[in-house]
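Inspection log for the structure reproduced underneath, given as structure tokens.
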Amino acid sequence: MSTNNKDTVHITINGQEFDVPKDITILEASNRAGIKIPTLCHLDLHDLKAVNKAASCRVCMVEAHGRDVLVPSCVTTVWEGMEVTTNSLQAITARRIAVELLLSNHPNECFTCSKNLDCELQSLAHELGVREIKWSGEKQNFPKDISSDALVRDASKCIMCRRCETMCNEVQTCGILSAMGRGFDAIVGPAFNIPMVESSCTYCGQCVAVCPTAALTEVNHTYKVWEALNDPDKHVIVQTAPAIRVALGELFGMEPGTIVTGKLVTALKRMGFNSVFDTDFAADLTIMEEASELINRIENNGTLPMLTSCCPAWVKFIEHQFPELLDVPSTCKSPHIMFGIIAKTYYAKKLGIDPNKIVVVSVMPCIAKKAESARPELTKDHKNNVDIVVTTRELGAMIKEAGIDFSNLPDSDFDHVLGESTGASVIFGTTGGVIEAALRTAYEWMTGEELKDVEFKQLRGLDGIREASVAVGDMNLNIGIAHGLGNARKILEDIRDGKSKYHAIEIMACPGGCIGGGGQPYHHGNDEIVKKRQEAIYKEDRSKTLRKSHENPEIIKLYEEFLGKPLSKKSHELLHTHYEKRERI
Amino acid sequence: MPKANFQVEIPNTENLPKEKFNELKQYIDGLKSTEGALIQILHQAQEIFGYLPKEVQLFVARALGMPGSEVCGVVSFYSYFTTEPVGKHVISVCMGTACFVRGADKIVDRIAKKIGIGPEETTKDGFFTLKNIRCIGACGLAPVVMVDDKVYGRVKEEDIDDILDSYRKEEA
């Protein structure tokens, strides 16, 4: 079976022979052969270009014949004639000891841990048959950092896998999290171990998305929601972001990419919300303002390119990292903030409810939205326009707490006044979606013609940076798209250096956009899940009768009855914001 | 060749005067390239300031266009770097095995009592810093005390007064 092909090598794994590409690792070769080697620190989000190769956990150790010691399969490249045994007594024992040692310095509180049953260390201990922790001794006991509104850092639960560092430094290029100190005292955290809130963290939550334990988690706000729902003086309404409906089902054992919009609405109604609304409505509103702003900037020699401003992590990124470019993002507030404002003005007035009695809850795929809703310039008279933000994961937990049998729920529709939406707003949940939605509207407004084919396929996909030139009447609009803050940085450097050729750019902080958000069900390193959510988003768009934001009848009514027209004085006052220079630490 | 960016604000406080930052700036400016030069620059910075407080680390980070966490990670990893100001004279007591069994702990206690500070602290007048260190490879001379670069071997508790007083006298 030996081959002379230079690109492959012949190897044996557990007695089975394979020809594999010569530059891959033992782990990759084993995965291809369907032989599972347990891993912990290893992370390979291939399509999102995020690979963590710290080799720090020593869980994937295997025997490579001819080597005196076991080798970590995640970083050891195959060689011609290599013979590997993944399941020898020595390998299995070494693996178990590695996990036992990690557990000997880990809080023994799985019962009450927020990652209980969703923890990779816990499931590995189960998988490897750890039945006792043989070693006891001093444990690291760092104080919890609960300084921010968005994420909790509990360094005592850190296993030094460095996945968060890879996401924060290499993928997002934020450079917040780094290992400090050495030996037993080593800790991963922001520079000088300052509280997260004092750092330049964008709260994108990608560190949370990849943390195998509960060392990094979101701030839990579910209790506040239950409190509000049980307060008879409060009128509690909820909005759900576009990316929730294509991911929530995963928490109830459904296939990734299952669309659960109708069940989601039913569940929220059964939880006791007075009205169940859709952030998609507010996304359509955002397009009305943002498309108008783009046309205004093009026609009046305004600042170009214009950057989308829906993503609070991306907004915070530019404030810290490129303070000289704060005139390029659109001044539009993000959709869920716009929703909160319209709920406490237009909706309150229409229903004759005191705005102070309205509690707006946002269900978001994002943890940055938690911090965003408390930004002073987005509040009114020191009261938040959005009162509580919970993530997809938190909502899933609440549905379980409430004893709702989610999988068997009938479908319901969103409530009226702030619940109607178009296909344009659904695609806000994926990279490329916001700019496509804006184009659907801008095209018709700029040309005065009907846009027949609303799908701008050239803007779609998962490449980190994409670009397209779209003919709109007699001009070509140059569009740029970036997802992941590292890609955003490249685009921003071009703008700063005067090399940018774009009119409009969409940026989303999370790889994949909101579908891959820091508040979504954990993908545990499987990027196929994010792809399936994206397919579902486009499917939901195709299922809509109305697919352009400006055709949303409730939006048309909102302008007729309340706002006047896009960019009106009232719109500016309520729906637009400003950005501020922030320190970089 | 990557060069430093000095569009960064220079701090100016009583303990960290602008002149010292300018000296560091000149040093970094004189480097052919800043690539891979972080540790070298931190050494120089510690030479200039005596220690590496947050302000100095952030200054270096911003000048080199790297995150503060990266600089902090390096500074906190190498025991050579210190983030606290050190006194004019550093007293290091070896706590390696050989010195320890020959009573290094009692030597530390004696020194601490005499100058009124504990290990890893500096006297109020900034004259002495006391440090516990690991084996310096002079086990035959155990217990060993170093003051700056000078090694004192087979130190007895009653020697401490004379040793430390000699530095005070020299100063006077």
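The way I read the labels, and the way they are meant: chains A, B, ... in the order of the structure tokens, residue 1 as the first residue of every chain, and ligand 1 as the first ligand shown, with later ones counted on from there.
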Report task. Mind the document's chain letters and residue numbers, and return as a PyMOL selection string the residues of region 217-463 of chain A that DSSP labels strand (DSSP E or B). Result -> chain A and resi 217-218+235-240+275-278+306-307+329+332+358-364+379-380+383-384+388-391
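Secondary structure by DSSP on the backbone puts the following residues of region 493-543 of chain A in helix (DSSP H, G or I): Glu493, Asp494, Ile495, Arg496, Cys514, Ile515, Gly516, Glu528, Ile529, Val530, Lys531, Lys532, Arg533, Gln534, Glu535, Ala536, Ile537, Tyr538, Lys539, Glu540, Asp541 and Arg542 of chain A.
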Report task. Write out as an NGL selection string which residues come within 10 Å of Glu377 (chain A) when counting only C-alpha atoms, dropping same-chain ones fewer than 6 positions away. Result -> :A and (384 or 577-579)
**Report entry** All residues 12 Å or closer to Ile318 (chain A), only C-alpha atoms, same chain fewer than 2 positions away omitted, as a PyMOL selection string
**Finding:** chain A and resi 173-174+200-202+307-309+311-316+320-329+485-486+488-489+491-493+496+507-509+579-584
So that I have them on file, write out the residues from the current selection with N, CA and C atoms, as a compact mmCIF listing (two decimals), in the first residue's frame.
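Result file is part_21.txt:
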# COMPACT_ATOMS: atom_id res chain seq x y z
N THR A 173 -8.31 40.49 17.18
CA THR A 173 -7.22 41.49 17.32
C THR A 173 -7.53 42.59 18.35
N CYS A 174 -8.26 42.23 19.38
CA CYS A 174 -8.55 43.21 20.44
C CYS A 174 -7.41 43.26 21.44
N SER A 200 -10.21 47.66 27.26
CA SER A 200 -10.82 48.06 25.99
C SER A 200 -11.66 46.94 25.40
N CYS A 201 -12.11 46.03 26.24
CA CYS A 201 -12.90 44.89 25.76
C CYS A 201 -14.14 45.38 25.03
N THR A 202 -14.43 44.76 23.89
CA THR A 202 -15.62 45.15 23.11
C THR A 202 -16.85 44.36 23.55
N LEU A 307 -20.15 53.25 7.39
CA LEU A 307 -20.11 51.93 8.01
C LEU A 307 -21.41 51.67 8.76
N THR A 308 -21.87 50.44 8.73
CA THR A 308 -23.08 50.11 9.48
C THR A 308 -22.79 50.18 10.98
N SER A 309 -23.81 50.39 11.76
CA SER A 309 -23.59 50.62 13.19
C SER A 309 -24.49 49.78 14.09
N CYS A 311 -23.88 46.80 15.29
CA CYS A 311 -23.18 45.86 16.16
C CYS A 311 -22.44 46.62 17.26
N PRO A 312 -22.85 46.48 18.51
CA PRO A 312 -22.26 47.27 19.58
C PRO A 312 -20.80 46.90 19.88
N ALA A 313 -20.42 45.67 19.61
CA ALA A 313 -19.03 45.28 19.85
C ALA A 313 -18.14 45.97 18.83
N TRP A 314 -18.61 46.02 17.62
CA TRP A 314 -17.85 46.68 16.55
C TRP A 314 -17.76 48.19 16.83
N VAL A 315 -18.85 48.78 17.32
CA VAL A 315 -18.83 50.20 17.64
C VAL A 315 -17.79 50.48 18.73
N LYS A 316 -17.76 49.62 19.74
CA LYS A 316 -16.81 49.83 20.83
C LYS A 316 -15.37 49.62 20.32
N HIS A 320 -12.27 52.43 20.60
CA HIS A 320 -10.99 52.20 21.27
C HIS A 320 -9.81 52.20 20.31
N GLN A 321 -10.01 51.56 19.16
CA GLN A 321 -8.87 51.26 18.30
C GLN A 321 -8.66 52.27 17.18
N PHE A 322 -9.72 52.90 16.71
CA PHE A 322 -9.57 53.86 15.61
C PHE A 322 -10.34 55.14 15.94
N PRO A 323 -9.98 55.81 17.04
CA PRO A 323 -10.78 56.99 17.44
C PRO A 323 -10.76 58.11 16.40
N GLU A 324 -9.79 58.06 15.47
CA GLU A 324 -9.72 59.11 14.44
C GLU A 324 -10.77 58.90 13.35
N LEU A 325 -11.47 57.77 13.38
CA LEU A 325 -12.42 57.46 12.30
C LEU A 325 -13.88 57.50 12.76
N LEU A 326 -14.15 58.23 13.83
CA LEU A 326 -15.51 58.14 14.40
C LEU A 326 -16.58 58.82 13.55
N ASP A 327 -16.17 59.49 12.46
CA ASP A 327 -17.20 60.08 11.60
C ASP A 327 -17.64 59.13 10.49
N VAL A 328 -17.02 57.95 10.39
CA VAL A 328 -17.45 57.05 9.32
C VAL A 328 -18.64 56.14 9.65
N PRO A 329 -18.82 55.69 10.89
CA PRO A 329 -20.00 54.84 11.09
C PRO A 329 -21.29 55.65 10.94
N LEU A 485 -13.51 40.88 14.05
CA LEU A 485 -12.91 42.21 14.21
C LEU A 485 -11.52 42.30 13.59
N GLY A 486 -10.84 41.17 13.43
CA GLY A 486 -9.53 41.18 12.76
C GLY A 486 -9.70 41.61 11.31
N ALA A 488 -12.26 43.40 10.24
CA ALA A 488 -12.69 44.79 10.32
C ALA A 488 -11.46 45.71 10.42
N ARG A 489 -10.48 45.26 11.20
CA ARG A 489 -9.27 46.08 11.37
C ARG A 489 -8.60 46.35 10.02
N ILE A 491 -9.94 46.49 7.05
CA ILE A 491 -10.74 47.45 6.29
C ILE A 491 -10.58 48.87 6.85
N LEU A 492 -10.51 48.96 8.18
CA LEU A 492 -10.37 50.27 8.81
C LEU A 492 -9.00 50.87 8.55
N GLU A 493 -7.97 50.03 8.51
CA GLU A 493 -6.62 50.55 8.21
C GLU A 493 -6.59 51.15 6.82
N ARG A 496 -8.27 54.51 7.01
CA ARG A 496 -7.38 55.46 7.67
C ARG A 496 -6.27 55.92 6.73
N ILE A 507 -19.98 45.90 8.91
CA ILE A 507 -19.07 45.19 9.80
C ILE A 507 -19.86 44.54 10.92
N MET A 508 -19.58 43.27 11.16
CA MET A 508 -20.12 42.57 12.32
C MET A 508 -18.94 41.99 13.09
N ALA A 509 -18.99 42.10 14.40
CA ALA A 509 -17.84 41.71 15.20
C ALA A 509 -17.62 40.20 15.24
N TYR A 579 -20.56 58.88 18.71
CA TYR A 579 -19.57 57.96 19.27
C TYR A 579 -18.48 58.75 19.98
N GLU A 580 -17.80 58.07 20.89
CA GLU A 580 -16.74 58.80 21.59
C GLU A 580 -15.43 58.04 21.65
N LYS A 581 -14.37 58.85 21.65
CA LYS A 581 -13.01 58.31 21.73
C LYS A 581 -12.83 57.61 23.07
N ARG A 582 -12.28 56.42 23.05
CA ARG A 582 -12.03 55.70 24.30
C ARG A 582 -10.57 55.28 24.37
N GLU A 583 -10.10 55.10 25.61
CA GLU A 583 -8.71 54.75 25.83
C GLU A 583 -8.44 53.32 25.38
N ARG A 584 -7.19 53.07 25.00
CA ARG A 584 -6.83 51.71 24.60
C ARG A 584 -5.90 51.11 25.65
Requested in this report: Considering only C-alpha atoms, return as a list in words whatever protein or nucleic-acid residues lie within 7 Å of Ala424 (chain A), sequence-local ones (same chain, fewer than 3 positions apart) excluded.
Outcome: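 Counting only the stated atoms, we get Ile427, Ala437, Asp541, Arg547, Lys548 and Ser549 of chain A.
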Saved selection, atoms kept: N, CA and C atoms, as a short mmCIF file (atom, residue, chain, number, x, y, z; two decimals), in the first residue's frame:
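What follows is the written file part-v5.cif:
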data_model
loop_
_atom_site.label_atom_id
_atom_site.label_comp_id
_atom_site.auth_asym_id
_atom_site.auth_seq_id
_atom_site.Cartn_x
_atom_site.Cartn_y
_atom_site.Cartn_z
N ILE A 427 -32.42 38.92 7.45
CA ILE A 427 -31.02 38.65 7.10
C ILE A 427 -30.03 39.51 7.89
N ALA A 437 -29.85 44.27 2.94
CA ALA A 437 -31.14 44.88 3.26
C ALA A 437 -31.14 46.36 2.90
N ASP A 541 -35.87 34.36 4.97
CA ASP A 541 -36.05 35.53 4.10
C ASP A 541 -36.91 35.16 2.89
N ARG A 547 -40.14 41.67 1.30
CA ARG A 547 -38.70 41.44 1.47
C ARG A 547 -37.88 42.73 1.44
N LYS A 548 -38.58 43.86 1.43
CA LYS A 548 -37.86 45.14 1.45
C LYS A 548 -38.39 45.94 2.64
N SER A 549 -37.47 46.51 3.40
CA SER A 549 -37.84 47.18 4.65
C SER A 549 -38.88 48.27 4.47
#
So that each row is one residue of chain B with an atom at most 7 Å from chain A, can you give its shortest atom pair and the distance in Å to one decimal, using only C-alpha atoms, rows by chain and rising number, as JSON lines?
{"residue": "B:Pro67", "atom": "CA", "partner": "A:Gly175", "partner_atom": "CA", "distance": 5.1}
{"residue": "B:Gly68", "atom": "CA", "partner": "A:Ile585", "partner_atom": "CA", "distance": 5.5}
{"residue": "B:Ser69", "atom": "CA", "partner": "A:Ala191", "partner_atom": "CA", "distance": 3.9}
{"residue": "B:Glu70", "atom": "CA", "partner": "A:Ser178", "partner_atom": "CA", "distance": 6.3}
{"residue": "B:Cys72", "atom": "CA", "partner": "A:Ala191", "partner_atom": "CA", "distance": 5.6}
{"residue": "B:Gly73", "atom": "CA", "partner": "A:Met180", "partner_atom": "CA", "distance": 4.4}
{"residue": "B:Ser76", "atom": "CA", "partner": "A:Gly181", "partner_atom": "CA", "distance": 4.7}
{"residue": "B:Phe77", "atom": "CA", "partner": "A:Gly181", "partner_atom": "CA", "distance": 4.7}
Can you spit out the residues from that selection as a PDB file, in the first residue's frame, using C-alpha atoms?
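The file below, result_22.pdb, is the result:
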ATOM      1  CA  PRO B  67      -1.733  45.449  23.225  1.00  0.00           C
ATOM      2  CA  GLY B  68      -0.959  46.343  26.830  1.00  0.00           C
ATOM      3  CA  SER B  69      -1.822  42.778  27.807  1.00  0.00           C
ATOM      4  CA  GLU B  70       1.059  41.449  25.705  1.00  0.00           C
ATOM      5  CA  CYS B  72       2.162  42.952  30.773  1.00  0.00           C
ATOM      6  CA  GLY B  73       2.330  39.238  29.990  1.00  0.00           C
ATOM      7  CA  SER B  76       4.960  39.437  34.660  1.00  0.00           C
ATOM      8  CA  PHE B  77       6.574  36.283  33.266  1.00  0.00           C
TER       9      PHE B  77
END
Requested in this report: Find the spatial neighbours of Gly50 (chain B), counting only C-alpha atoms, within a cut-off of 12 Å - ignore same-chain residues fewer than 4 positions away - and output them as a PyMOL selection string.
Outcome: chain B and resi 15-16+20+42-46+56+80-90+126
Query - Within 8 Å of Gly396 (chain A) using only C-alpha atoms, minus same-chain residues under 3 positions, as a list in words - result: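 In the requested format, the answer is Leu248, Leu251, Phe252, Thr392, Arg393, Ile399 and Lys400 of chain A.
For the pair CA of Ala142 (chain B) and CA of Asp105 (chain B), the interatomic distance is 12.0 Å.
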